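Q: protein22.cif (mmCIF, C-alpha atoms (C1' of nucleotides)) pasted underneath:
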data_work
#
loop_
_atom_site.label_atom_id
_atom_site.label_comp_id
_atom_site.auth_asym_id
_atom_site.auth_seq_id
_atom_site.Cartn_x
_atom_site.Cartn_y
_atom_site.Cartn_z
CA MET C 1 0.00 0.00 0.00
CA ARG C 2 2.89 2.29 0.67
CA ALA C 3 3.86 1.47 -2.87
CA PHE C 4 0.48 2.58 -4.13
CA ASN C 5 0.62 5.79 -2.17
CA ARG C 6 4.01 6.53 -3.57
CA TYR C 7 2.79 5.65 -7.00
CA TYR C 8 -0.21 7.88 -6.82
CA THR C 9 1.69 10.70 -5.18
CA ASN C 10 3.96 10.63 -8.14
CA LEU C 11 1.09 10.54 -10.58
CA ILE C 12 -0.63 13.47 -8.95
CA GLY C 13 2.63 15.35 -8.87
CA VAL C 14 2.92 14.92 -12.61
CA LEU C 15 -0.64 16.01 -13.23
CA ASP C 16 -0.07 18.95 -10.94
CA LYS C 17 2.55 20.37 -13.26
CA ASP C 18 -0.05 21.10 -15.92
CA TYR C 19 -1.59 23.65 -13.62
CA LEU C 20 1.52 25.76 -14.02
CA GLU C 21 0.17 26.84 -17.39
CA THR C 22 -3.14 27.68 -15.82
CA GLN C 23 -4.08 30.78 -13.94
CA TYR C 24 -4.81 28.64 -10.89
CA THR C 25 -3.08 26.03 -8.81
CA LEU C 26 -4.37 22.54 -8.26
CA THR C 27 -5.36 23.52 -4.75
CA GLU C 28 -7.25 26.54 -6.00
CA ALA C 29 -9.01 24.39 -8.55
CA ARG C 30 -10.01 22.03 -5.76
CA ILE C 31 -11.29 24.91 -3.66
CA LEU C 32 -13.35 26.16 -6.55
CA PHE C 33 -14.70 22.67 -6.96
CA GLU C 34 -15.63 22.41 -3.31
CA ILE C 35 -17.55 25.64 -3.62
CA SER C 36 -19.37 24.28 -6.65
CA LEU C 37 -20.40 21.33 -4.50
CA GLY C 38 -22.22 23.75 -2.30
CA LYS C 39 -19.77 24.45 0.46
CA LYS C 40 -21.25 27.60 1.79
CA ASN C 41 -18.53 29.14 3.95
CA ALA C 42 -14.84 29.03 4.71
CA SER C 43 -15.08 26.67 7.66
CA GLU C 44 -16.74 24.00 5.61
CA ILE C 45 -14.03 24.17 3.00
CA ILE C 46 -11.36 24.05 5.65
CA GLU C 47 -13.04 21.05 7.22
CA ALA C 48 -13.33 19.25 3.90
CA MET C 49 -9.91 20.03 2.55
CA ARG C 50 -7.86 20.44 5.69
CA ILE C 51 -6.07 23.50 4.50
CA ASP C 52 -4.91 26.50 6.48
CA LYS C 53 -7.57 29.09 7.07
CA SER C 54 -5.30 32.04 6.34
CA TYR C 55 -4.36 30.46 3.07
CA LEU C 56 -7.96 29.83 2.19
CA SER C 57 -8.88 33.36 3.14
CA ARG C 58 -6.40 34.72 0.65
CA VAL C 59 -7.46 32.35 -2.08
CA LEU C 60 -11.07 33.37 -1.59
CA LYS C 61 -10.05 36.99 -1.72
CA LYS C 62 -8.33 36.32 -5.00
CA PHE C 63 -11.41 34.53 -6.28
CA GLU C 64 -13.57 37.43 -5.25
CA LYS C 65 -11.29 39.92 -6.91
CA ASN C 66 -11.35 37.84 -10.09
CA LYS C 67 -15.11 37.67 -9.79
CA LEU C 68 -15.25 33.89 -9.59
CA ILE C 69 -17.26 33.96 -6.40
CA ILE C 70 -19.50 36.28 -4.45
CA LYS C 71 -19.55 36.50 -0.70
CA SER C 72 -22.74 37.55 0.97
CA LYS C 73 -23.22 38.13 4.66
CA SER C 74 -25.90 35.86 5.99
CA GLY C 75 -28.14 37.36 8.61
CA LYS C 76 -27.79 34.33 10.81
CA ASP C 77 -24.14 34.62 11.79
CA ALA C 78 -22.38 37.87 11.01
CA ARG C 79 -18.96 36.29 11.27
CA THR C 80 -19.36 34.11 8.22
CA SER C 81 -20.30 34.87 4.66
CA GLN C 82 -22.06 32.64 2.22
CA ILE C 83 -19.97 31.84 -0.81
CA GLY C 84 -21.34 31.22 -4.25
CA LEU C 85 -19.92 30.76 -7.72
CA THR C 86 -20.54 33.47 -10.26
CA ALA C 87 -21.16 32.67 -13.91
CA LYS C 88 -17.52 33.39 -14.56
CA GLY C 89 -16.58 31.12 -11.69
CA LYS C 90 -18.56 28.29 -13.21
CA LEU C 91 -16.89 28.93 -16.50
CA GLU C 92 -13.42 28.80 -14.99
CA LEU C 93 -14.25 25.67 -13.08
CA ASN C 94 -15.42 24.15 -16.31
CA ALA C 95 -12.14 24.99 -17.97
CA LEU C 96 -10.26 23.42 -15.09
CA ASN C 97 -12.40 20.31 -15.30
CA THR C 98 -11.66 20.12 -18.98
CA LEU C 99 -7.98 20.15 -18.13
CA ALA C 100 -8.53 17.32 -15.67
CA ASP C 101 -10.38 15.40 -18.37
CA LYS C 102 -7.59 15.91 -20.84
CA GLN C 103 -5.12 14.63 -18.29
CA LEU C 104 -7.22 11.56 -17.71
CA GLU C 105 -7.54 10.98 -21.40
CA GLU C 106 -3.79 11.09 -21.73
CA LEU C 107 -3.41 8.75 -18.80
CA LEU C 108 -5.79 6.23 -20.27
CA ARG C 109 -4.65 6.63 -23.84
CA ASP C 110 -3.25 3.18 -24.36
CA LEU C 111 -5.82 1.30 -22.33
CA SER C 112 -8.63 -0.78 -23.70
CA ALA C 113 -12.23 -0.04 -22.87
CA THR C 114 -12.42 -2.95 -20.48
CA GLU C 115 -9.28 -1.90 -18.72
CA ILE C 116 -10.69 1.56 -18.24
CA LYS C 117 -13.88 0.10 -16.87
CA GLN C 118 -11.93 -2.07 -14.46
CA LEU C 119 -9.82 0.86 -13.41
CA ALA C 120 -12.94 2.83 -12.59
CA LEU C 121 -14.31 -0.06 -10.56
CA HIS C 122 -11.12 -0.40 -8.55
CA MET C 123 -11.10 3.29 -7.84
CA ASN C 124 -14.68 3.23 -6.74
CA SER C 125 -14.05 0.28 -4.48
CA ILE C 126 -11.15 2.02 -2.83
CA MET C 127 -13.24 5.08 -2.15
CA GLU C 128 -16.08 3.01 -0.83
CA ILE C 129 -13.89 1.04 1.52
CA LEU C 130 -12.13 4.08 2.83
CA ASN C 131 -15.25 6.17 3.05
CA GLN C 132 -17.19 3.65 4.99
CA LYS C 133 -14.54 4.02 7.61
CA SER C 134 -14.85 7.79 7.73
CA ALA C 135 -18.61 7.36 8.02
CA SER C 136 -18.14 5.25 11.10
CA MET B 1 -12.18 8.89 -12.09
CA ARG B 2 -11.79 12.58 -11.61
CA ALA B 3 -13.54 11.95 -8.35
CA PHE B 4 -10.95 9.40 -7.37
CA ASN B 5 -8.10 11.66 -8.32
CA ARG B 6 -9.59 14.43 -6.25
CA TYR B 7 -10.16 12.02 -3.44
CA TYR B 8 -6.63 10.74 -3.44
CA THR B 9 -5.15 14.18 -3.92
CA ASN B 10 -6.93 15.17 -0.78
CA LEU B 11 -5.78 12.09 1.06
CA ILE B 12 -2.17 12.61 0.08
CA GLY B 13 -2.45 16.25 1.04
CA VAL B 14 -3.53 15.22 4.50
CA LEU B 15 -0.76 12.68 4.85
CA ASP B 16 1.69 15.26 3.58
CA LYS B 17 1.04 17.45 6.58
CA ASP B 18 2.67 14.94 8.91
CA TYR B 19 5.95 15.61 7.20
CA LEU B 20 5.91 19.09 8.65
CA GLU B 21 7.02 17.59 11.92
CA THR B 22 9.77 15.76 10.16
CA GLN B 23 13.11 17.08 9.09
CA TYR B 24 12.23 16.23 5.50
CA THR B 25 9.45 16.92 3.06
CA LEU B 26 7.39 14.26 1.36
CA THR B 27 9.29 14.93 -1.85
CA GLU B 28 12.60 14.56 -0.09
CA ALA B 29 11.43 11.32 1.44
CA ARG B 30 10.49 10.10 -1.99
CA ILE B 31 13.87 11.09 -3.38
CA LEU B 32 15.57 9.22 -0.58
CA PHE B 33 13.43 6.24 -1.36
CA GLU B 34 14.29 6.36 -5.05
CA ILE B 35 17.95 6.35 -4.13
CA SER B 36 17.39 3.34 -1.92
CA LEU B 37 15.90 1.58 -4.93
CA GLY B 38 19.22 1.91 -6.61
CA LYS B 39 18.84 5.05 -8.66
CA LYS B 40 22.45 5.80 -9.27
CA ASN B 41 22.52 9.38 -10.49
CA ALA B 42 20.51 12.57 -10.70
CA SER B 43 19.18 11.99 -14.20
CA GLU B 44 17.59 8.72 -13.24
CA ILE B 45 15.81 10.31 -10.32
CA ILE B 46 14.63 13.18 -12.47
CA GLU B 47 13.36 10.72 -15.04
CA ALA B 48 11.55 8.65 -12.43
CA MET B 49 10.05 11.47 -10.41
CA ARG B 50 9.74 14.21 -12.98
CA ILE B 51 11.07 16.90 -10.73
CA ASP B 52 13.18 19.89 -11.61
CA LYS B 53 16.87 19.19 -11.84
CA SER B 54 17.91 22.31 -9.99
CA TYR B 55 15.59 21.40 -7.19
CA LEU B 56 16.94 17.89 -7.06
CA SER B 57 20.48 19.19 -7.12
CA ARG B 58 19.84 21.22 -4.02
CA VAL B 59 18.08 18.40 -2.24
CA LEU B 60 20.97 16.10 -2.95
CA LYS B 61 23.35 18.73 -1.68
CA LYS B 62 21.35 18.91 1.52
CA PHE B 63 21.39 15.11 1.79
CA GLU B 64 25.11 15.08 1.27
CA LYS B 65 25.64 17.77 3.87
CA ASN B 66 23.49 15.80 6.31
CA LYS B 67 25.48 12.71 5.42
CA LEU B 68 22.51 10.74 4.16
CA ILE B 69 24.17 10.01 0.86
CA ILE B 70 27.61 9.88 -0.67
CA LYS B 71 28.39 10.98 -4.16
CA SER B 72 31.29 9.34 -5.92
CA LYS B 73 32.60 10.24 -9.33
CA SER B 74 32.44 7.27 -11.60
CA GLY B 75 35.32 6.93 -14.00
CA LYS B 76 33.00 6.29 -16.90
CA ASP B 77 31.33 9.70 -17.22
CA ALA B 78 32.91 12.54 -15.31
CA ARG B 79 29.73 14.64 -15.45
CA THR B 80 27.70 12.35 -13.26
CA SER B 81 28.30 10.99 -9.80
CA GLN B 82 27.11 7.75 -8.37
CA ILE B 83 24.80 8.24 -5.43
CA GLY B 84 24.53 5.87 -2.53
CA LEU B 85 22.83 5.85 0.84
CA THR B 86 24.99 6.01 3.92
CA ALA B 87 24.13 4.10 7.06
CA LYS B 88 22.59 7.26 8.42
CA GLY B 89 20.66 7.68 5.20
CA LYS B 90 19.22 4.20 5.55
CA LEU B 91 18.30 4.99 9.11
CA GLU B 92 16.50 8.18 8.16
CA LEU B 93 14.70 6.43 5.36
CA ASN B 94 13.62 3.82 7.81
CA ALA B 95 12.22 6.46 10.11
CA LEU B 96 10.32 7.99 7.22
CA ASN B 97 8.96 4.61 6.25
CA THR B 98 7.83 4.12 9.77
CA LEU B 99 5.93 7.37 9.53
CA ALA B 100 4.30 6.17 6.33
CA ASP B 101 3.36 2.94 8.08
CA LYS B 102 1.84 4.81 10.98
CA GLN B 103 -0.19 6.88 8.57
CA LEU B 104 -1.43 3.78 6.85
CA GLU B 105 -2.30 2.17 10.14
CA GLU B 106 -4.35 5.21 11.03
CA LEU B 107 -6.04 5.17 7.65
CA LEU B 108 -6.97 1.52 7.98
CA ARG B 109 -7.82 1.66 11.65
CA ASP B 110 -11.50 0.92 11.37
CA LEU B 111 -11.29 -1.56 8.54
CA SER B 112 -11.62 -5.30 8.80
CA ALA B 113 -8.87 -7.64 7.68
CA THR B 114 -10.77 -8.57 4.55
CA GLU B 115 -11.41 -4.99 3.68
CA ILE B 116 -7.72 -4.26 3.99
CA LYS B 117 -6.92 -7.20 1.78
CA GLN B 118 -9.41 -6.02 -0.81
CA LEU B 119 -8.05 -2.53 -0.65
CA ALA B 120 -4.57 -3.83 -1.35
CA LEU B 121 -5.85 -5.83 -4.29
CA HIS B 122 -7.59 -2.83 -5.80
CA MET B 123 -4.49 -0.76 -5.42
CA ASN B 124 -2.36 -3.39 -7.05
CA SER B 125 -4.77 -3.73 -9.91
CA ILE B 126 -4.71 -0.02 -10.55
CA MET B 127 -0.95 0.02 -10.63
CA GLU B 128 -0.85 -2.97 -12.92
CA ILE B 129 -3.32 -1.50 -15.37
CA LEU B 130 -1.61 1.86 -15.46
CA ASN B 131 1.87 0.43 -15.55
CA GLN B 132 1.22 -1.89 -18.39
CA LYS B 133 0.45 1.24 -20.38
CA SER B 134 3.70 2.89 -19.44
CA ALA B 135 5.50 -0.30 -20.37
CA SER B 136 4.04 -0.15 -23.85
"C1'" DT F 1 -26.41 39.29 32.38
"C1'" DC F 2 -21.96 40.14 32.24
"C1'" DA F 3 -17.51 38.23 31.84
"C1'" DT F 4 -15.10 34.75 29.55
"C1'" DA F 5 -14.48 31.59 26.15
"C1'" DA F 6 -15.05 29.97 21.67
"C1'" DT F 7 -15.64 30.54 16.66
"C1'" DA F 8 -15.09 32.68 11.92
"C1'" DG F 9 -12.31 34.93 9.28
"C1'" DT F 10 -8.49 38.42 8.21
"C1'" DT F 11 -3.88 40.27 8.16
"C1'" DG F 12 1.26 40.59 8.64
"C1'" DA F 13 5.42 38.43 8.49
"C1'" DC F 14 7.73 34.65 7.20
"C1'" DT F 15 9.52 29.97 5.36
"C1'" DT F 16 9.68 26.46 2.29
"C1'" DA F 17 9.12 24.33 -2.05
"C1'" DG F 18 9.68 24.61 -6.50
"C1'" DT F 19 10.73 27.15 -11.03
"C1'" DC F 20 13.36 29.33 -14.74
"C1'" DA F 21 17.26 30.62 -17.07
"C1'" DA F 22 22.03 30.94 -17.52
"C1'" DC F 23 26.03 28.57 -16.95
"C1'" DC F 24 30.30 25.01 -16.50
"C1'" DA F 25 32.27 20.84 -17.50
"C1'" DT F 26 32.28 16.85 -19.98
"C1'" DT F 27 30.99 13.74 -23.63
"C1'" DA F 28 28.91 12.76 -28.24
"C1'" DT F 29 28.30 13.92 -33.09
"C1'" DT F 30 29.66 15.23 -37.80
"C1'" DA O 1 38.27 20.36 -34.52
"C1'" DA O 2 33.99 22.65 -34.07
"C1'" DT O 3 29.33 22.17 -32.59
"C1'" DA O 4 25.81 20.09 -30.25
"C1'" DA O 5 24.05 17.55 -26.54
"C1'" DT O 6 24.05 15.94 -21.74
"C1'" DG O 7 24.59 16.13 -16.58
"C1'" DG O 8 24.60 18.86 -13.07
"C1'" DT O 9 25.17 23.40 -10.45
"C1'" DT O 10 24.14 28.16 -9.31
"C1'" DG O 11 21.64 32.67 -8.94
"C1'" DA O 12 17.54 34.91 -8.77
"C1'" DC O 13 12.99 34.51 -8.26
"C1'" DT O 14 7.86 33.17 -7.50
"C1'" DA O 15 4.45 30.66 -5.60
"C1'" DA O 16 2.52 27.94 -1.98
"C1'" DG O 17 1.71 27.41 2.44
"C1'" DT O 18 2.48 28.32 7.56
"C1'" DC O 19 2.24 30.57 12.05
"C1'" DA O 20 0.85 33.82 15.22
"C1'" DA O 21 -1.61 37.73 16.41
"C1'" DC O 22 -5.75 40.15 15.87
"C1'" DT O 23 -10.86 41.83 15.07
"C1'" DA O 24 -15.53 40.92 15.19
"C1'" DT O 25 -19.14 38.22 16.51
"C1'" DT O 26 -21.59 34.58 18.93
"C1'" DA O 27 -22.02 31.07 22.68
"C1'" DT O 28 -21.63 29.70 27.52
"C1'" DG O 29 -21.96 29.49 32.38
"C1'" DA O 30 -21.69 31.60 37.07
#
Once more with this new file: its structure as structure tokens, please.

A:
Amino acid sequence: MRAFNRYYTNLIGVLDKDYLETQYTLTEARILFEISLGKKNASEIIEAMRIDKSYLSRVLKKFEKNKLIIKSKSGKDARTSQIGLTAKGKLELNALNTLADKQLEELLRDLSATEIKQLALHMNSIMEILNQKSAS
Amino acid sequence: MRAFNRYYTNLIGVLDKDYLETQYTLTEARILFEISLGKKNASEIIEAMRIDKSYLSRVLKKFEKNKLIIKSKSGKDARTSQIGLTAKGKLELNALNTLADKQLEELLRDLSATEIKQLALHMNSIMEILNQKSAS
DNA sequence: TCATAATAGTTGACTTAGTCAACCATTATT
DNA sequence: AATAATGGTTGACTAAGTCAACTATTATGA
């Protein structure tokens, strides 16, 4: 398993490099994605991604400046703001997803359809097994 | 599959944080590991890990200074040096491996023996499928 | 209900990790 | 022999992330 972790760390490291040509980092892309999933405020994103809150704060500020998100104070708790993707934010996220798809395509280039299907199954199984734990 | 990549990116990111308490980064640990596998010179490590050569150069310098490795000029090609782990290097690597083991243990804590076995099988399958491609 | 603690997020100052380009020295090519 | 290619190092830099201190607000408990 250590071998797999090393293997996948390497793989992700390679994929990561493509984000150099992008306006955003892999982490930023992931944050944007989390927001698109409906994470409503900073704490939730921090909880989900386990990143530093100061770092997130700055990333969100950047997003806001670039008009990818809007923050709106919710009456309920004046300390937090509700975060939502703007149209432009959705567009950017889409572009980033397209990059991820291209990377996958490249990764799977020489695989047969059945191999790809098997790969997907294995991946799903891993997530299921590990998730069940986190649900416990 | 994008989901799995995101998932595992997150997981690795979490594991990565433990290396903060270590004297070495995850990347450095991986470099050390590659050397232990018998990678003899910088080029081979670069090829295997796809990291920047200047970065690697500095890491190796640090390793050498900390006496984790020894570089020896090989008569064959005076541009390269042969890299080898010292006893201390092996020791440090061992400590880092122990950390990785602890992390795994934590990750698998609530899983049954069969689940762990299945997990390992899925991981192996993924590596096999993806590797076969790279071998082509 | 007031003081204290806890939570959410921001800011300043900093460190580390990694990048990019230029550069030597050596070896390969023609 | 000249030129190109390779292996690695160095300088200068940027980006990514961390840590601690702080403000504002909300929750808690004597």

Q: Which residues match the PyMOL selection byres ((chain B) within 8 of (chain O)) in the file above, as a compact mmCIF listing (two decimals) with C-alpha atoms, keeping the file's coordinate frame?

A:
# COMPACT_ATOMS: atom_id res chain seq x y z
CA ALA B 42 20.51 12.57 -10.70
CA SER B 43 19.18 11.99 -14.20
CA LYS B 53 16.87 19.19 -11.84
CA SER B 54 17.91 22.31 -9.99
CA SER B 57 20.48 19.19 -7.12
CA ARG B 79 29.73 14.64 -15.45
CA THR B 80 27.70 12.35 -13.26

Q: Name the residues captured by the PyMOL selection byres ((chain B) within 10 of (chain F)) when it is applied to the shown file; answer as a VMD selection string.

A: chain B and resid 25 27 51 to 52 54 to 56 77 to 80

Q: If we count only C-alpha atoms (C1' of nucleotides), what is near stretch 7-18 of chain B at a cut-off of 10 Å, once residues fewer than 6 positions away on the same chain are taken out, given as a ChimeraX atom specification?

A: /C:5-6,8-9,11-13,16,26-27,30,48-51,123,126-127 /B:1,25-27,99-100,103-104,107

Q: Can I get the residues of chain C within 6 Å of chain B, each with the closest pair of atoms and their distance in Å to one decimal, using all atoms listed in the file, sorted chain first then ascending number, as JSON lines?

A:
{"residue": "C:Asp110", "atom": "CA", "partner": "B:Lys133", "partner_atom": "CA", "distance": 5.8}
{"residue": "C:Leu119", "atom": "CA", "partner": "B:Ile126", "partner_atom": "CA", "distance": 5.9}
{"residue": "C:His122", "atom": "CA", "partner": "B:His122", "partner_atom": "CA", "distance": 5.1}
{"residue": "C:Ile126", "atom": "CA", "partner": "B:Leu119", "partner_atom": "CA", "distance": 5.9}
{"residue": "C:Lys133", "atom": "CA", "partner": "B:Asp110", "partner_atom": "CA", "distance": 5.7}

Q: Please superimpose chain C on chain B using every C-alpha atom, paired by order, in a least-squares fit, and write the moved chain as a short mmCIF file (atom, residue, chain, number, x, y, z; two decimals) with C-alpha atoms, keeping the file's coordinate frame.

A:
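Once everything was written out, this is selection27.cif:
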data_model
loop_
_atom_site.label_atom_id
_atom_site.label_comp_id
_atom_site.auth_asym_id
_atom_site.auth_seq_id
_atom_site.Cartn_x
_atom_site.Cartn_y
_atom_site.Cartn_z
CA MET C 1 -12.17 8.83 -12.11
CA ARG C 2 -11.80 12.54 -11.67
CA ALA C 3 -13.55 11.93 -8.40
CA PHE C 4 -10.96 9.37 -7.40
CA ASN C 5 -8.11 11.64 -8.34
CA ARG C 6 -9.60 14.40 -6.29
CA TYR C 7 -10.17 12.00 -3.47
CA TYR C 8 -6.66 10.72 -3.47
CA THR C 9 -5.15 14.15 -3.94
CA ASN C 10 -6.93 15.14 -0.82
CA LEU C 11 -5.78 12.07 1.04
CA ILE C 12 -2.18 12.59 0.06
CA GLY C 13 -2.44 16.22 1.00
CA VAL C 14 -3.53 15.20 4.47
CA LEU C 15 -0.76 12.66 4.82
CA ASP C 16 1.68 15.25 3.56
CA LYS C 17 1.04 17.45 6.56
CA ASP C 18 2.67 14.95 8.89
CA TYR C 19 5.96 15.62 7.19
CA LEU C 20 5.90 19.11 8.63
CA GLU C 21 7.01 17.61 11.93
CA THR C 22 9.78 15.76 10.18
CA GLN C 23 13.12 17.07 9.12
CA TYR C 24 12.24 16.25 5.52
CA THR C 25 9.47 16.94 3.08
CA LEU C 26 7.42 14.28 1.38
CA THR C 27 9.31 14.94 -1.82
CA GLU C 28 12.63 14.56 -0.07
CA ALA C 29 11.46 11.33 1.47
CA ARG C 30 10.51 10.11 -1.98
CA ILE C 31 13.90 11.09 -3.36
CA LEU C 32 15.62 9.23 -0.58
CA PHE C 33 13.45 6.26 -1.38
CA GLU C 34 14.32 6.38 -5.05
CA ILE C 35 17.98 6.35 -4.14
CA SER C 36 17.41 3.33 -1.92
CA LEU C 37 15.90 1.61 -4.94
CA GLY C 38 19.22 1.95 -6.63
CA LYS C 39 18.86 5.07 -8.67
CA LYS C 40 22.46 5.82 -9.28
CA ASN C 41 22.54 9.42 -10.48
CA ALA C 42 20.52 12.60 -10.67
CA SER C 43 19.18 12.04 -14.17
CA GLU C 44 17.60 8.77 -13.22
CA ILE C 45 15.84 10.34 -10.29
CA ILE C 46 14.67 13.20 -12.44
CA GLU C 47 13.39 10.76 -15.02
CA ALA C 48 11.56 8.69 -12.42
CA MET C 49 10.10 11.50 -10.41
CA ARG C 50 9.78 14.26 -12.96
CA ILE C 51 11.10 16.93 -10.70
CA ASP C 52 13.22 19.94 -11.56
CA LYS C 53 16.90 19.23 -11.79
CA SER C 54 17.94 22.37 -9.93
CA TYR C 55 15.63 21.43 -7.13
CA LEU C 56 16.97 17.92 -7.02
CA SER C 57 20.52 19.21 -7.07
CA ARG C 58 19.87 21.23 -3.95
CA VAL C 59 18.10 18.41 -2.19
CA LEU C 60 21.01 16.10 -2.91
CA LYS C 61 23.39 18.72 -1.62
CA LYS C 62 21.38 18.88 1.56
CA PHE C 63 21.43 15.10 1.81
CA GLU C 64 25.16 15.08 1.32
CA LYS C 65 25.67 17.73 3.93
CA ASN C 66 23.52 15.75 6.35
CA LYS C 67 25.51 12.67 5.45
CA LEU C 68 22.53 10.71 4.18
CA ILE C 69 24.19 9.99 0.88
CA ILE C 70 27.63 9.87 -0.66
CA LYS C 71 28.41 10.99 -4.16
CA SER C 72 31.30 9.37 -5.93
CA LYS C 73 32.61 10.30 -9.34
CA SER C 74 32.44 7.34 -11.64
CA GLY C 75 35.31 6.99 -14.04
CA LYS C 76 32.98 6.37 -16.92
CA ASP C 77 31.34 9.77 -17.22
CA ALA C 78 32.90 12.63 -15.30
CA ARG C 79 29.75 14.71 -15.48
CA THR C 80 27.72 12.43 -13.26
CA SER C 81 28.32 11.05 -9.81
CA GLN C 82 27.10 7.81 -8.39
CA ILE C 83 24.82 8.27 -5.43
CA GLY C 84 24.54 5.88 -2.55
CA LEU C 85 22.85 5.84 0.83
CA THR C 86 25.02 5.98 3.90
CA ALA C 87 24.15 4.06 7.04
CA LYS C 88 22.62 7.21 8.41
CA GLY C 89 20.68 7.64 5.20
CA LYS C 90 19.23 4.18 5.54
CA LEU C 91 18.32 4.95 9.09
CA GLU C 92 16.52 8.14 8.15
CA LEU C 93 14.72 6.42 5.34
CA ASN C 94 13.63 3.80 7.79
CA ALA C 95 12.24 6.44 10.10
CA LEU C 96 10.35 8.00 7.21
CA ASN C 97 8.97 4.62 6.22
CA THR C 98 7.83 4.11 9.76
CA LEU C 99 5.95 7.37 9.52
CA ALA C 100 4.32 6.18 6.31
CA ASP C 101 3.36 2.95 8.05
CA LYS C 102 1.85 4.80 10.96
CA GLN C 103 -0.18 6.89 8.56
CA LEU C 104 -1.43 3.79 6.83
CA GLU C 105 -2.30 2.21 10.11
CA GLU C 106 -4.34 5.24 11.02
CA LEU C 107 -6.01 5.19 7.65
CA LEU C 108 -6.98 1.57 7.97
CA ARG C 109 -7.83 1.70 11.64
CA ASP C 110 -11.51 0.97 11.38
CA LEU C 111 -11.31 -1.51 8.54
CA SER C 112 -11.66 -5.24 8.83
CA ALA C 113 -8.93 -7.58 7.71
CA THR C 114 -10.84 -8.53 4.60
CA GLU C 115 -11.45 -4.94 3.70
CA ILE C 116 -7.77 -4.22 4.00
CA LYS C 117 -6.98 -7.18 1.81
CA GLN C 118 -9.47 -6.01 -0.79
CA LEU C 119 -8.08 -2.51 -0.64
CA ALA C 120 -4.61 -3.85 -1.34
CA LEU C 121 -5.90 -5.85 -4.28
CA HIS C 122 -7.64 -2.85 -5.80
CA MET C 123 -4.53 -0.78 -5.43
CA ASN C 124 -2.42 -3.44 -7.04
CA SER C 125 -4.84 -3.77 -9.91
CA ILE C 126 -4.77 -0.07 -10.55
CA MET C 127 -1.00 -0.05 -10.65
CA GLU C 128 -0.92 -3.04 -12.91
CA ILE C 129 -3.38 -1.58 -15.36
CA LEU C 130 -1.67 1.75 -15.48
CA ASN C 131 1.80 0.31 -15.58
CA GLN C 132 1.12 -2.00 -18.42
CA LYS C 133 0.35 1.08 -20.39
CA SER C 134 3.63 2.76 -19.50
CA ALA C 135 5.40 -0.46 -20.46
CA SER C 136 3.89 -0.27 -23.90
#

Q: Do you have the atom CA of C:Leu20-atom CA of C:Glu44 distance handy?

A: 26.9 Å

Q: Near stretch 61-64 of chain B, within 12 Å and counting only C-alpha atoms (C1' of nucleotides), which residues show up once chain neighbours fewer than 3 positions away are dropped, as a ChimeraX atom specification?

A: /B:23-24,28-29,31-32,35,42,54-58,67-72,83-86,88-90,92-93 /O:8-9

Q: Go ahead and compute the interatomic distance for atom CA of C:Leu96 and atom CA of C:Thr22, in Å to one decimal.

A: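 Going from atom CA of C:Leu96 over to atom CA of C:Thr22 covers 8.3 Å.
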
Q: Tell me, in Å to one decimal, how far atom CA of C:Lys40 is from atom CA of C:Leu60.

A: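 Interatomic distance here is 12.2 Å.
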